[in-house]
Each structure stands twice: as structure tokens, then as C-alpha cells.
>>> print(open('final.cif').read())   # mmCIF, C-alpha atoms
data_model
loop_
_atom_site.group_PDB
_atom_site.id
_atom_site.type_symbol
_atom_site.label_atom_id
_atom_site.label_comp_id
_atom_site.auth_asym_id
_atom_site.auth_seq_id
_atom_site.Cartn_x
_atom_site.Cartn_y
_atom_site.Cartn_z
ATOM 1 C CA MET A 11 21.168 125.707 77.848
ATOM 2 C CA VAL A 12 24.551 125.686 76.174
ATOM 3 C CA SER A 13 26.855 122.920 77.283
ATOM 4 C CA THR A 14 30.586 123.159 76.821
ATOM 5 C CA ASP A 15 32.726 120.065 76.593
ATOM 6 C CA VAL A 16 36.168 120.887 77.835
ATOM 7 C CA THR A 17 38.733 118.102 77.363
ATOM 8 C CA ALA A 18 40.918 117.818 80.383
ATOM 9 C CA ARG A 19 44.620 117.757 79.573
ATOM 10 C CA PRO A 20 46.933 115.670 81.728
ATOM 11 C CA ALA A 21 49.008 117.727 84.026
ATOM 12 C CA ALA A 22 52.702 117.833 83.268
ATOM 13 C CA PRO A 23 54.745 115.769 85.684
ATOM 14 C CA VAL A 24 56.476 117.764 88.300
ATOM 15 C CA LEU A 25 60.146 116.916 88.353
ATOM 16 C CA PRO A 26 61.725 116.982 91.760
ATOM 17 C CA ARG A 27 64.258 119.682 92.142
ATOM 18 C CA ALA A 28 67.729 118.614 93.011
ATOM 19 C CA SER A 29 68.802 119.757 96.370
ATOM 20 C CA ALA A 30 71.562 122.277 96.739
ATOM 21 C CA ALA A 31 73.823 119.663 98.265
ATOM 22 C CA ARG A 32 73.319 117.270 95.328
ATOM 23 C CA ARG A 33 73.978 120.019 92.794
ATOM 24 C CA ALA A 34 77.092 121.043 94.626
ATOM 25 C CA ALA A 35 78.328 117.445 94.690
ATOM 26 C CA ALA A 36 77.744 117.101 90.942
ATOM 27 C CA ARG A 37 79.892 120.121 90.149
ATOM 28 C CA PRO A 38 83.529 119.325 89.314
ATOM 29 C CA ARG A 39 85.859 120.405 92.044
ATOM 30 C CA ARG A 40 88.947 122.278 91.050
ATOM 31 C CA GLY A 41 92.271 121.504 92.571
ATOM 32 C CA THR A 42 91.244 118.200 94.208
ATOM 33 C CA ASN A 43 91.695 115.721 91.303
ATOM 34 C CA LEU A 44 95.327 114.625 91.378
ATOM 35 C CA THR A 45 95.363 112.687 88.128
ATOM 36 C CA LEU A 46 98.376 112.547 85.850
ATOM 37 C CA GLY A 47 96.768 114.779 83.236
ATOM 38 C CA GLU A 48 95.625 117.600 85.545
ATOM 39 C CA SER A 49 98.187 117.770 88.322
ATOM 40 C CA GLY A 50 101.478 119.389 87.448
ATOM 41 C CA LEU A 51 103.298 117.793 90.392
ATOM 42 C CA ALA A 52 102.094 114.302 89.425
ATOM 43 C CA ARG A 53 103.230 114.784 85.845
ATOM 44 C CA VAL A 54 106.680 115.950 86.954
ATOM 45 C CA LEU A 55 107.043 112.956 89.295
ATOM 46 C CA ALA A 56 105.914 110.554 86.582
ATOM 47 C CA LEU A 57 108.385 112.013 84.070
ATOM 48 C CA LEU A 58 111.194 111.811 86.617
ATOM 49 C CA ALA A 59 110.366 108.164 87.324
ATOM 50 C CA LEU A 60 110.349 107.397 83.597
ATOM 51 C CA ALA A 61 113.658 109.209 83.109
ATOM 52 C CA VAL A 62 115.306 107.268 85.947
ATOM 53 C CA SER A 63 113.964 103.980 84.541
ATOM 54 C CA ALA A 64 115.252 104.854 81.075
ATOM 55 C CA VAL A 65 118.721 105.679 82.426
ATOM 56 C CA LEU A 66 118.875 102.430 84.405
ATOM 57 C CA TRP A 67 117.802 100.499 81.306
ATOM 58 C CA LEU A 68 120.358 102.235 79.067
ATOM 59 C CA LEU A 69 123.339 101.871 81.420
ATOM 60 C CA PRO A 70 124.168 98.243 80.426
ATOM 61 C CA LEU A 71 123.868 99.154 76.743
ATOM 62 C CA ALA A 72 126.156 102.168 77.180
ATOM 63 C CA TRP A 73 128.684 100.051 79.061
ATOM 64 C CA ALA A 74 128.630 97.414 76.292
ATOM 65 C CA LEU A 75 129.222 100.055 73.602
ATOM 66 C CA LEU A 76 132.085 101.666 75.538
ATOM 67 C CA THR A 77 133.737 98.303 76.143
ATOM 68 C CA ALA A 78 133.374 97.221 72.504
ATOM 69 C CA PHE A 79 135.428 100.224 71.321
ATOM 70 C CA LYS A 80 138.284 99.653 73.777
ATOM 71 C CA SER A 81 141.370 97.520 73.598
ATOM 72 C CA GLU A 82 141.514 94.381 75.738
ATOM 73 C CA GLN A 83 143.932 96.068 78.136
ATOM 74 C CA ASP A 84 141.667 99.080 78.639
ATOM 75 C CA ALA A 85 138.522 96.934 78.837
ATOM 76 C CA SER A 86 139.860 95.147 81.940
ATOM 77 C CA ASP A 87 141.149 98.323 83.624
ATOM 78 C CA PRO A 88 139.053 98.927 86.789
ATOM 79 C CA VAL A 89 140.327 102.495 87.305
ATOM 80 C CA ASP A 90 139.881 104.255 83.959
ATOM 81 C CA TRP A 91 136.684 102.434 83.084
ATOM 82 C CA PHE A 92 135.105 105.280 81.137
ATOM 83 C CA TRP A 93 137.864 106.897 79.039
ATOM 84 C CA PRO A 94 140.517 104.424 77.817
ATOM 85 C CA LYS A 95 144.188 105.302 78.256
ATOM 86 C CA HIS A 96 145.143 104.042 74.809
ATOM 87 C CA GLY A 97 142.205 105.626 73.016
ATOM 88 C CA TRP A 98 139.268 104.136 71.195
ATOM 89 C CA THR A 99 139.829 101.325 68.732
ATOM 90 C CA LEU A 100 138.005 98.887 66.443
ATOM 91 C CA ASP A 101 140.275 95.941 67.270
ATOM 92 C CA GLY A 102 137.460 94.067 68.998
ATOM 93 C CA PHE A 103 135.254 94.169 65.908
ATOM 94 C CA THR A 104 138.044 93.311 63.467
ATOM 95 C CA THR A 105 139.202 90.376 65.591
ATOM 96 C CA VAL A 106 135.697 88.919 65.796
ATOM 97 C CA VAL A 107 135.207 89.254 62.044
ATOM 98 C CA GLU A 108 138.622 87.732 61.221
ATOM 99 C CA ARG A 109 138.357 84.760 63.569
ATOM 100 C CA GLY A 110 134.873 83.676 62.591
ATOM 101 C CA ALA A 111 132.567 83.474 59.597
ATOM 102 C CA LEU A 112 130.432 86.387 60.744
ATOM 103 C CA PRO A 113 128.686 87.065 57.375
ATOM 104 C CA LEU A 114 127.717 83.383 57.094
ATOM 105 C CA TRP A 115 126.383 83.331 60.653
ATOM 106 C CA MET A 116 124.325 86.444 60.073
ATOM 107 C CA LEU A 117 122.934 85.014 56.829
ATOM 108 C CA ASN A 118 121.968 81.772 58.578
ATOM 109 C CA SER A 119 120.311 83.687 61.413
ATOM 110 C CA LEU A 120 118.424 85.853 58.939
ATOM 111 C CA LEU A 121 117.174 82.874 56.926
ATOM 112 C CA ILE A 122 116.192 80.829 59.979
ATOM 113 C CA ALA A 123 114.580 83.717 61.878
ATOM 114 C CA GLY A 124 112.702 84.861 58.751
ATOM 115 C CA ALA A 125 111.379 81.355 58.023
ATOM 116 C CA VAL A 126 110.385 80.798 61.656
ATOM 117 C CA THR A 127 108.577 84.144 61.718
ATOM 118 C CA ALA A 128 106.638 83.541 58.483
ATOM 119 C CA VAL A 129 105.514 80.015 59.402
ATOM 120 C CA THR A 130 104.701 80.901 63.017
ATOM 121 C CA VAL A 131 102.603 83.945 62.140
ATOM 122 C CA LEU A 132 100.672 82.059 59.442
ATOM 123 C CA VAL A 133 100.000 78.958 61.561
ATOM 124 C CA SER A 134 99.178 80.949 64.705
ATOM 125 C CA ALA A 135 96.805 83.228 62.793
ATOM 126 C CA MET A 136 94.946 80.284 61.258
ATOM 127 C CA ALA A 137 94.742 78.517 64.622
ATOM 128 C CA GLY A 138 93.563 81.698 66.344
ATOM 129 C CA TYR A 139 90.870 82.177 63.709
ATOM 130 C CA ALA A 140 89.718 78.563 64.093
ATOM 131 C CA PHE A 141 89.427 78.884 67.864
ATOM 132 C CA SER A 142 87.708 82.282 67.621
ATOM 133 C CA ARG A 143 85.274 82.009 64.703
ATOM 134 C CA THR A 144 84.522 78.305 64.130
ATOM 135 C CA LEU A 145 82.718 75.604 66.075
ATOM 136 C CA PHE A 146 84.027 72.043 65.994
ATOM 137 C CA ALA A 147 84.118 69.031 68.268
ATOM 138 C CA GLY A 148 86.723 69.323 71.005
ATOM 139 C CA ARG A 149 87.278 73.039 70.466
ATOM 140 C CA ARG A 150 87.368 73.949 74.152
ATOM 141 C CA GLY A 151 89.589 71.019 75.033
ATOM 142 C CA LEU A 152 92.115 71.841 72.318
ATOM 143 C CA PHE A 153 92.183 75.489 73.330
ATOM 144 C CA ALA A 154 92.720 74.463 76.967
ATOM 145 C CA LEU A 155 95.672 72.305 75.859
ATOM 146 C CA THR A 156 97.047 75.242 73.874
ATOM 147 C CA VAL A 157 96.887 77.509 76.911
ATOM 148 C CA ALA A 158 98.436 74.793 79.081
ATOM 149 C CA ALA A 159 101.288 74.414 76.569
ATOM 150 C CA VAL A 160 102.307 77.996 77.326
ATOM 151 C CA LEU A 161 103.438 76.797 80.763
ATOM 152 C CA VAL A 162 105.794 74.148 79.333
ATOM 153 C CA PRO A 163 109.423 75.381 79.209
ATOM 154 C CA PRO A 164 111.071 74.849 75.809
ATOM 155 C CA GLN A 165 114.083 73.290 77.535
ATOM 156 C CA MET A 166 111.939 70.276 78.462
ATOM 157 C CA LEU A 167 111.243 69.604 74.778
ATOM 158 C CA ILE A 168 114.848 69.509 73.589
ATOM 159 C CA VAL A 169 115.202 65.708 73.794
ATOM 160 C CA PRO A 170 111.786 64.900 72.188
ATOM 161 C CA TRP A 171 112.474 67.419 69.424
ATOM 162 C CA PHE A 172 115.899 65.938 68.723
ATOM 163 C CA GLN A 173 114.531 62.382 68.595
ATOM 164 C CA GLN A 174 111.795 63.591 66.274
ATOM 165 C CA MET A 175 114.313 65.162 63.906
ATOM 166 C CA LEU A 176 116.330 61.921 63.877
ATOM 167 C CA THR A 177 113.192 59.901 63.114
ATOM 168 C CA LEU A 178 112.269 62.205 60.236
ATOM 169 C CA GLY A 179 115.819 62.073 58.916
ATOM 170 C CA ILE A 180 116.273 65.849 58.815
ATOM 171 C CA ALA A 181 118.783 66.252 61.637
ATOM 172 C CA ASP A 182 121.584 68.728 61.037
ATOM 173 C CA THR A 183 119.613 70.644 58.403
ATOM 174 C CA TYR A 184 117.863 74.000 58.181
ATOM 175 C CA ALA A 185 114.509 72.252 58.587
ATOM 176 C CA ALA A 186 115.611 70.756 61.898
ATOM 177 C CA VAL A 187 116.432 74.222 63.219
ATOM 178 C CA ILE A 188 113.275 75.886 61.870
ATOM 179 C CA LEU A 189 110.367 73.489 62.445
ATOM 180 C CA PRO A 190 110.441 73.087 66.264
ATOM 181 C CA GLN A 191 110.632 76.859 66.722
ATOM 182 C CA THR A 192 107.387 77.421 64.798
ATOM 183 C CA VAL A 193 105.299 76.026 67.672
ATOM 184 C CA ALA A 194 104.175 79.114 69.609
ATOM 185 C CA PRO A 195 101.079 78.530 71.794
ATOM 186 C CA VAL A 196 101.277 82.009 73.309
ATOM 187 C CA MET A 197 100.953 83.589 69.867
ATOM 188 C CA VAL A 198 97.896 81.428 69.132
ATOM 189 C CA PHE A 199 96.326 82.675 72.364
ATOM 190 C CA ILE A 200 97.127 86.322 71.579
ATOM 191 C CA LEU A 201 95.725 86.158 68.054
ATOM 192 C CA LYS A 202 92.633 84.263 69.217
ATOM 193 C CA LYS A 203 91.845 87.035 71.685
ATOM 194 C CA HIS A 204 92.490 89.619 68.978
ATOM 195 C CA PHE A 205 90.064 87.947 66.560
ATOM 196 C CA ASP A 206 87.482 87.844 69.374
ATOM 197 C CA SER A 207 87.668 91.637 69.586
ATOM 198 C CA LEU A 208 86.870 92.182 65.899
ATOM 199 C CA PRO A 209 83.186 92.916 65.093
ATOM 200 C CA ARG A 210 81.249 89.892 63.878
ATOM 201 C CA GLU A 211 79.071 92.090 61.658
ATOM 202 C CA LEU A 212 81.879 92.153 59.103
ATOM 203 C CA GLU A 213 81.927 88.359 59.009
ATOM 204 C CA GLU A 214 78.145 88.177 58.651
ATOM 205 C CA ALA A 215 78.206 90.689 55.785
ATOM 206 C CA ALA A 216 80.882 88.631 54.029
ATOM 207 C CA ARG A 217 78.829 85.454 54.449
ATOM 208 C CA ILE A 218 75.837 87.172 52.841
ATOM 209 C CA ASP A 219 78.070 87.863 49.840
ATOM 210 C CA GLY A 220 78.934 84.157 49.684
ATOM 211 C CA ALA A 221 82.362 84.199 51.342
ATOM 212 C CA GLY A 222 83.611 81.097 53.111
ATOM 213 C CA HIS A 223 85.967 80.697 56.042
ATOM 214 C CA TRP A 224 89.148 81.073 54.004
ATOM 215 C CA ARG A 225 87.848 84.159 52.185
ATOM 216 C CA ILE A 226 86.753 85.766 55.460
ATOM 217 C CA PHE A 227 90.071 84.954 57.100
ATOM 218 C CA TRP A 228 92.259 86.130 54.236
ATOM 219 C CA SER A 229 90.309 89.126 52.876
ATOM 220 C CA VAL A 230 88.397 90.461 55.886
ATOM 221 C CA LEU A 231 90.111 89.699 59.188
ATOM 222 C CA LEU A 232 93.777 89.677 58.208
ATOM 223 C CA PRO A 233 93.739 93.214 56.705
ATOM 224 C CA LEU A 234 92.215 94.448 59.970
ATOM 225 C CA SER A 235 94.912 92.638 61.965
ATOM 226 C CA ARG A 236 98.025 94.074 60.343
ATOM 227 C CA PRO A 237 99.287 95.937 63.452
ATOM 228 C CA MET A 238 98.776 92.881 65.659
ATOM 229 C CA LEU A 239 100.391 90.560 63.102
ATOM 230 C CA ALA A 240 103.349 92.916 62.809
ATOM 231 C CA ALA A 241 103.793 92.965 66.585
ATOM 232 C CA VAL A 242 103.606 89.167 66.774
ATOM 233 C CA ALA A 243 106.086 88.867 63.899
ATOM 234 C CA ILE A 244 108.570 91.162 65.639
ATOM 235 C CA PHE A 245 108.464 89.205 68.891
ATOM 236 C CA VAL A 246 108.798 85.879 67.067
ATOM 237 C CA PHE A 247 111.697 87.198 64.976
ATOM 238 C CA ILE A 248 113.549 88.469 68.047
ATOM 239 C CA GLY A 249 113.052 85.147 69.844
ATOM 240 C CA ALA A 250 114.258 83.131 66.854
ATOM 241 C CA TRP A 251 117.242 85.429 66.289
ATOM 242 C CA ASN A 252 118.390 85.209 69.912
ATOM 243 C CA ASN A 253 117.698 81.489 70.312
ATOM 244 C CA PHE A 254 120.895 79.686 71.234
ATOM 245 C CA LEU A 255 120.046 76.335 72.822
ATOM 246 C CA TRP A 256 118.086 74.619 70.050
ATOM 247 C CA PRO A 257 120.340 75.695 67.123
ATOM 248 C CA PHE A 258 123.323 74.607 69.222
ATOM 249 C CA VAL A 259 121.843 71.166 69.924
ATOM 250 C CA SER A 260 120.250 70.456 66.552
ATOM 251 C CA THR A 261 123.265 71.200 64.319
ATOM 252 C CA SER A 262 126.887 70.148 64.264
ATOM 253 C CA ASP A 263 127.781 71.507 60.812
ATOM 254 C CA PRO A 264 129.729 74.811 61.101
ATOM 255 C CA ALA A 265 128.040 75.986 57.889
ATOM 256 C CA LEU A 266 124.655 75.929 59.688
ATOM 257 C CA MET A 267 125.711 77.936 62.737
ATOM 258 C CA THR A 268 123.548 80.897 63.680
ATOM 259 C CA LEU A 269 124.991 84.118 65.049
ATOM 260 C CA PRO A 270 124.567 83.304 68.794
ATOM 261 C CA VAL A 271 126.118 79.854 68.306
ATOM 262 C CA GLY A 272 128.942 81.160 66.152
ATOM 263 C CA ILE A 273 129.844 83.964 68.549
ATOM 264 C CA THR A 274 130.249 81.526 71.435
ATOM 265 C CA SER A 275 132.670 79.478 69.326
ATOM 266 C CA VAL A 276 135.088 82.425 69.084
ATOM 267 C CA LYS A 277 137.280 81.974 72.131
ATOM 268 C CA ASP A 278 140.763 82.992 73.083
ATOM 269 C CA ALA A 279 143.455 80.994 74.874
ATOM 270 C CA TYR A 280 144.017 83.819 77.349
ATOM 271 C CA GLY A 281 140.592 83.687 78.947
ATOM 272 C CA VAL A 282 137.661 86.069 78.700
ATOM 273 C CA GLN A 283 138.151 88.859 76.166
ATOM 274 C CA TYR A 284 135.750 91.603 77.218
ATOM 275 C CA ALA A 285 136.183 93.862 74.202
ATOM 276 C CA GLN A 286 135.652 91.011 71.731
ATOM 277 C CA THR A 287 132.659 89.706 73.662
ATOM 278 C CA MET A 288 130.977 93.104 73.707
ATOM 279 C CA ALA A 289 131.807 93.703 70.056
ATOM 280 C CA SER A 290 130.150 90.398 69.172
ATOM 281 C CA ALA A 291 127.080 91.328 71.225
ATOM 282 C CA VAL A 292 126.826 94.721 69.516
ATOM 283 C CA LEU A 293 127.074 93.148 66.051
ATOM 284 C CA ALA A 294 124.429 90.576 66.960
ATOM 285 C CA ALA A 295 122.046 93.249 68.264
ATOM 286 C CA LEU A 296 122.290 95.621 65.311
ATOM 287 C CA PRO A 297 119.756 93.758 63.086
ATOM 288 C CA LEU A 298 117.278 93.557 65.964
ATOM 289 C CA VAL A 299 117.607 97.286 66.620
ATOM 290 C CA ALA A 300 116.951 98.008 62.947
ATOM 291 C CA VAL A 301 113.887 95.748 62.879
ATOM 292 C CA PHE A 302 112.464 97.273 66.051
ATOM 293 C CA VAL A 303 113.026 100.870 64.897
ATOM 294 C CA PHE A 304 111.371 100.138 61.560
ATOM 295 C CA PHE A 305 108.320 98.346 62.996
ATOM 296 C CA GLN A 306 107.884 100.028 66.374
ATOM 297 C CA ARG A 307 104.820 101.987 65.245
ATOM 298 C CA HIS A 308 103.053 98.699 64.535
ATOM 299 C CA ILE A 309 103.713 97.520 68.086
ATOM 300 C CA VAL A 310 102.308 100.732 69.553
ATOM 301 C CA LYS A 311 99.314 100.613 67.226
ATOM 302 C CA SER A 312 98.537 96.981 68.054
ATOM 303 C CA VAL A 313 98.427 97.819 71.754
ATOM 304 C CA ALA A 314 96.572 101.127 71.427
ATOM 305 C CA THR A 315 93.877 100.046 68.959
ATOM 306 C CA THR A 316 91.324 97.277 68.748
ATOM 307 C CA GLY A 317 88.534 96.328 66.376
ATOM 308 C CA LEU A 318 88.333 98.604 63.358
ATOM 309 C CA GLY A 319 91.373 100.580 64.465
ATOM 310 C CA GLY A 320 93.626 98.196 62.582
ATOM 311 C CA GLN A 321 92.357 99.112 59.121
#
>>> encode(input="final.cif", output="C-alpha cells")
Amino acid sequence: MVSTDVTARPAAPVLPRASAARRAAARPRRGTNLTLGESGLARVLALLALAVSAVLWLLPLAWALLTAFKSEQDASDPVDWFWPKHGWTLDGFTTVVERGALPLWMLNSLLIAGAVTAVTVLVSAMAGYAFSRTLFAGRRGLFALTVAAVLVPPQMLIVPWFQQMLTLGIADTYAAVILPQTVAPVMVFILKKHFDSLPRELEEAARIDGAGHWRIFWSVLLPLSRPMLAAVAIFVFIGAWNNFLWPFVSTSDPALMTLPVGITSVKDAYGVQYAQTMASAVLAALPLVAVFVFFQRHIVKSVATTGLGGQ
């Protein structure tokens, strides 16, 4: 008798067939998804809304420019508000420049805003790195205080700051104007969250190579954070450039006046001079416009990218 040993193979699992209704539901439906990218009507409405918002935002700027190039008589004319009767003129700009030390004010604003920006970005970046990548006693409590400090209005700190400058003996100096403005809790919070988003594998690889905290911070994380640092620097620079209250309180020397403080000191005995006021505002805004146009791609990149996108 010949015996045959046949090895039984396991039967292949039978996959349940999807029902016709389930397959139909899984198919993309055409003409029913009204998202911005696929619906022509939605895109047109969105573009119209953006255009209207842009026009409303540009109207005050256009009015300021038109007023700055008018004479004082035409600037206060309620009838011919668009086209001046006596033509366009540069009298508003020349008067502002002649009556005040505009180049000195702009130089002071540039020095103070540049110093505030450099110190704030460096200190905020180091603090954000410490909160994000190091462990120390009281870390959570200090970070909670930092977040709570965001809610404190700067106007409440004017008197303590001024007393502090008097105690240190640096009142009515550049240091008195610069140092209090370098405290920016919101920038510490932003940079801390940015460092949290960076991959920790890069830090671990650097530690294997023998890098310490300073080396990791300076050579690994900062190069990846250039777009975010540029965005933070722009916002800090704009805030320091436009700051009026603290430079006005902390200095009494005319040689230390910033541009916002100096412009307010140019007054006329005949009341409000609209053309001169708008000319001063246009001159004060020109450096900010140049900075924003030059660095705007860094702002967009810092918002649109995270992690390794900053390299």
C-alpha cells in the first residue's frame, strides 16, 4: 500500500467585499465640495473680500500722503479735499525739517531701536532655549511668571522704571531709554514655542559629538531659527521705533530725543497744522516701510514653516 502525505495549506482569508453603497460613499463627489481651492465662486468672493479689506486699510495711508503734499490752506479745505486748489507742494516737509533737528532724531531712533532689537532678540532667544531645552529648579514657575508678565501693561511700569534709572544713576542717557525696552516676555514665549517645535534628534546628535548647551544653542538651533528670529526682530524694531511714552519720560535732553518725541515738539502758534503733521508722520514711517519691505519674506517664512523648514 502506498501512502501519500499531503500537507494541508491554510486557506487564504476571504476578505469581505465592500458594499456598493460603501464604495459609492468613498468615491469623491464632483461639484459638492465648496472649498476655496475648488469652487470658483468661493475664490471670487474671497478675493473680493480681500480687495475690500486692502482698500479700507490703504485709505488712511492715502489720505495722509495726499495731505502731506498740500499747503496748510488746502489741507483744511473740506470741499476740495482730493485735488488742492493751489497745487501740490513740499512746504510741509521743508517746514518740519527746518523747525526741528530731524536728522538727529532719526539717528537717535535708529541707534535706540537697533540696540533694543539686538539685546531683546539675544536675551529672548537664550531665555526661550532655557525654558525649552533645559531642566532646572523652578522652571515651570518662572515660565508661568513670564507668561503672566505678558498681561502687564507697560504703562504700569513707567514709575518703577524711572525710579530704577535714578537709582542706577543712568537717567537721561541712552542706556535709560534702551534697557527697560529690552524686557519682552511675549517674545520669550514665542521663541520658546518655536524651539519646542524643532526636532530633538539634532540636539542628541550634537551631544554625541560632545557639544554643550551653548554650542547647541549657537551652532544648531539658531541657524534653524533665522526666519523666526528675523520676524521677532522686525516686530521689536517697529515697537521700539514707534515708542513714545518711555523715551518722552526718561529723557529731558533735546539731544536724546527720538523721532516720535521730536515730532510732537514741533508745534505752531496757529493751532493744528495738518500738512506738517502728516509730513512728519510720513517721514517717521519711511524707515519702517523700508525695513518691512526688505524683511517681509522672513516674516512669511517664519509663519509658513516649522522645524527643518528654517534651514
>>> residues_near_point(input="final.cif", point="(97.8, 77.5, 74.3)", cutoff="7 Å", atoms="all atoms listed in the file", output="PyMOL selection string")
chain A and resi 153-160+195-196+198-199
>>> residues_around(input="final.cif", residues="A:Val193", least_positions_apart="6", cutoff="12 Å", atoms="all atoms listed in the file", output="mmCIF file with C-alpha atoms, in the coordinates of the input")
data_model
loop_
_atom_site.group_PDB
_atom_site.id
_atom_site.type_symbol
_atom_site.label_atom_id
_atom_site.label_comp_id
_atom_site.auth_asym_id
_atom_site.auth_seq_id
_atom_site.Cartn_x
_atom_site.Cartn_y
_atom_site.Cartn_z
ATOM 1 C CA VAL A 126 110.385 80.798 61.656
ATOM 2 C CA THR A 127 108.577 84.144 61.718
ATOM 3 C CA ALA A 128 106.638 83.541 58.483
ATOM 4 C CA VAL A 129 105.514 80.015 59.402
ATOM 5 C CA THR A 130 104.701 80.901 63.017
ATOM 6 C CA VAL A 131 102.603 83.945 62.140
ATOM 7 C CA LEU A 132 100.672 82.059 59.442
ATOM 8 C CA VAL A 133 100.000 78.958 61.561
ATOM 9 C CA SER A 134 99.178 80.949 64.705
ATOM 10 C CA ALA A 137 94.742 78.517 64.622
ATOM 11 C CA THR A 156 97.047 75.242 73.874
ATOM 12 C CA ALA A 159 101.288 74.414 76.569
ATOM 13 C CA VAL A 160 102.307 77.996 77.326
ATOM 14 C CA VAL A 162 105.794 74.148 79.333
ATOM 15 C CA PRO A 164 111.071 74.849 75.809
ATOM 16 C CA LEU A 167 111.243 69.604 74.778
ATOM 17 C CA TRP A 171 112.474 67.419 69.424
ATOM 18 C CA VAL A 246 108.798 85.879 67.067
ATOM 19 C CA ALA A 250 114.258 83.131 66.854
#
>>> closest_residue(input="final.cif", among="A:Thr274, A:Asn118, A:Thr144, A:Thr77", to="A:Phe227", atoms="only C-alpha atoms")
A:Thr144
>>> atom_distance(input="final.cif", atom1="atom CA of A:Ala56", atom2="atom CA of A:Leu68")
18.3 Å
>>> atom_distance(input="final.cif", atom1="atom CA of A:Leu55", atom2="atom CA of A:Trp73")
27.2 Å
>>> closest_residue(input="final.cif", among="A:Val54, A:Leu66, A:Gln286, A:Arg150", to="A:Glu108", atoms="all atoms listed in the file")
A:Gln286
>>> resolve_selection(input="final.cif", expression="the PyMOL selection byres ((chain A and resi 190) around 12)", output="PyMOL selection string")
chain A and resi 122+125-126+129-130+164-165+167-175+180-181+184-189+191-194+250+253+256-257+260
>>> resolve_selection(input="final.cif", expression="the PyMOL selection byres ((chain A and resi 288) around 9)", output="ChimeraX atom specification")
/A:74-79,102-103,283-287,289-293
>>> closest_residue(input="final.cif", among="A:Thr261, A:Tyr139, A:Arg236, A:Ala294", to="A:Trp224", atoms="all atoms listed in the file")
A:Tyr139
>>> atom_distance(input="final.cif", atom1="atom CA of A:Leu117", atom2="atom CA of A:Ala265")
10.4 Å
>>> resolve_selection(input="final.cif", expression="the PyMOL selection byres ((chain A and resi 298) around 12)", output="list in words")
Met116, Ser119, Leu120, Ala123, Ile244, Phe245, Val246, Phe247, Ile248, Gly249, Ala250, Trp251, Asn252, Ala291, Val292, Leu293, Ala294, Ala295, Leu296, Pro297, Val299, Ala300, Val301, Phe302, Val303, Phe304, Phe305 and Gln306 of chain A
>>> residues_around(input="final.cif", residues="stretch 202-207 of chain A", least_positions_apart="5", cutoff="12 Å", atoms="all atoms listed in the file", output="PDB file with C-alpha atoms, keeping the file's coordinate frame")
ATOM      1  CA  VAL A 133     100.000  78.958  61.561  1.00  0.00           C
ATOM      2  CA  SER A 134      99.178  80.949  64.705  1.00  0.00           C
ATOM      3  CA  ALA A 135      96.805  83.228  62.793  1.00  0.00           C
ATOM      4  CA  MET A 136      94.946  80.284  61.258  1.00  0.00           C
ATOM      5  CA  ALA A 137      94.742  78.517  64.622  1.00  0.00           C
ATOM      6  CA  GLY A 138      93.563  81.698  66.344  1.00  0.00           C
ATOM      7  CA  TYR A 139      90.870  82.177  63.709  1.00  0.00           C
ATOM      8  CA  ALA A 140      89.718  78.563  64.093  1.00  0.00           C
ATOM      9  CA  PHE A 141      89.427  78.884  67.864  1.00  0.00           C
ATOM     10  CA  SER A 142      87.708  82.282  67.621  1.00  0.00           C
ATOM     11  CA  ARG A 143      85.274  82.009  64.703  1.00  0.00           C
ATOM     12  CA  THR A 144      84.522  78.305  64.130  1.00  0.00           C
ATOM     13  CA  PHE A 153      92.183  75.489  73.330  1.00  0.00           C
ATOM     14  CA  THR A 156      97.047  75.242  73.874  1.00  0.00           C
ATOM     15  CA  VAL A 157      96.887  77.509  76.911  1.00  0.00           C
ATOM     16  CA  PRO A 195     101.079  78.530  71.794  1.00  0.00           C
ATOM     17  CA  VAL A 196     101.277  82.009  73.309  1.00  0.00           C
ATOM     18  CA  MET A 197     100.953  83.589  69.867  1.00  0.00           C
ATOM     19  CA  LEU A 212      81.879  92.153  59.103  1.00  0.00           C
ATOM     20  CA  GLU A 213      81.927  88.359  59.009  1.00  0.00           C
ATOM     21  CA  ILE A 226      86.753  85.766  55.460  1.00  0.00           C
ATOM     22  CA  PHE A 227      90.071  84.954  57.100  1.00  0.00           C
ATOM     23  CA  VAL A 230      88.397  90.461  55.886  1.00  0.00           C
ATOM     24  CA  LEU A 231      90.111  89.699  59.188  1.00  0.00           C
ATOM     25  CA  LEU A 232      93.777  89.677  58.208  1.00  0.00           C
ATOM     26  CA  PRO A 233      93.739  93.214  56.705  1.00  0.00           C
ATOM     27  CA  LEU A 234      92.215  94.448  59.970  1.00  0.00           C
ATOM     28  CA  SER A 235      94.912  92.638  61.965  1.00  0.00           C
ATOM     29  CA  ARG A 236      98.025  94.074  60.343  1.00  0.00           C
ATOM     30  CA  PRO A 237      99.287  95.937  63.452  1.00  0.00           C
ATOM     31  CA  MET A 238      98.776  92.881  65.659  1.00  0.00           C
ATOM     32  CA  LEU A 239     100.391  90.560  63.102  1.00  0.00           C
ATOM     33  CA  VAL A 242     103.606  89.167  66.774  1.00  0.00           C
ATOM     34  CA  SER A 312      98.537  96.981  68.054  1.00  0.00           C
ATOM     35  CA  VAL A 313      98.427  97.819  71.754  1.00  0.00           C
ATOM     36  CA  THR A 315      93.877 100.046  68.959  1.00  0.00           C
ATOM     37  CA  THR A 316      91.324  97.277  68.748  1.00  0.00           C
ATOM     38  CA  GLY A 317      88.534  96.328  66.376  1.00  0.00           C
ATOM     39  CA  LEU A 318      88.333  98.604  63.358  1.00  0.00           C
ATOM     40  CA  GLY A 319      91.373 100.580  64.465  1.00  0.00           C
ATOM     41  CA  GLY A 320      93.626  98.196  62.582  1.00  0.00           C
TER      42      GLY A 320
END
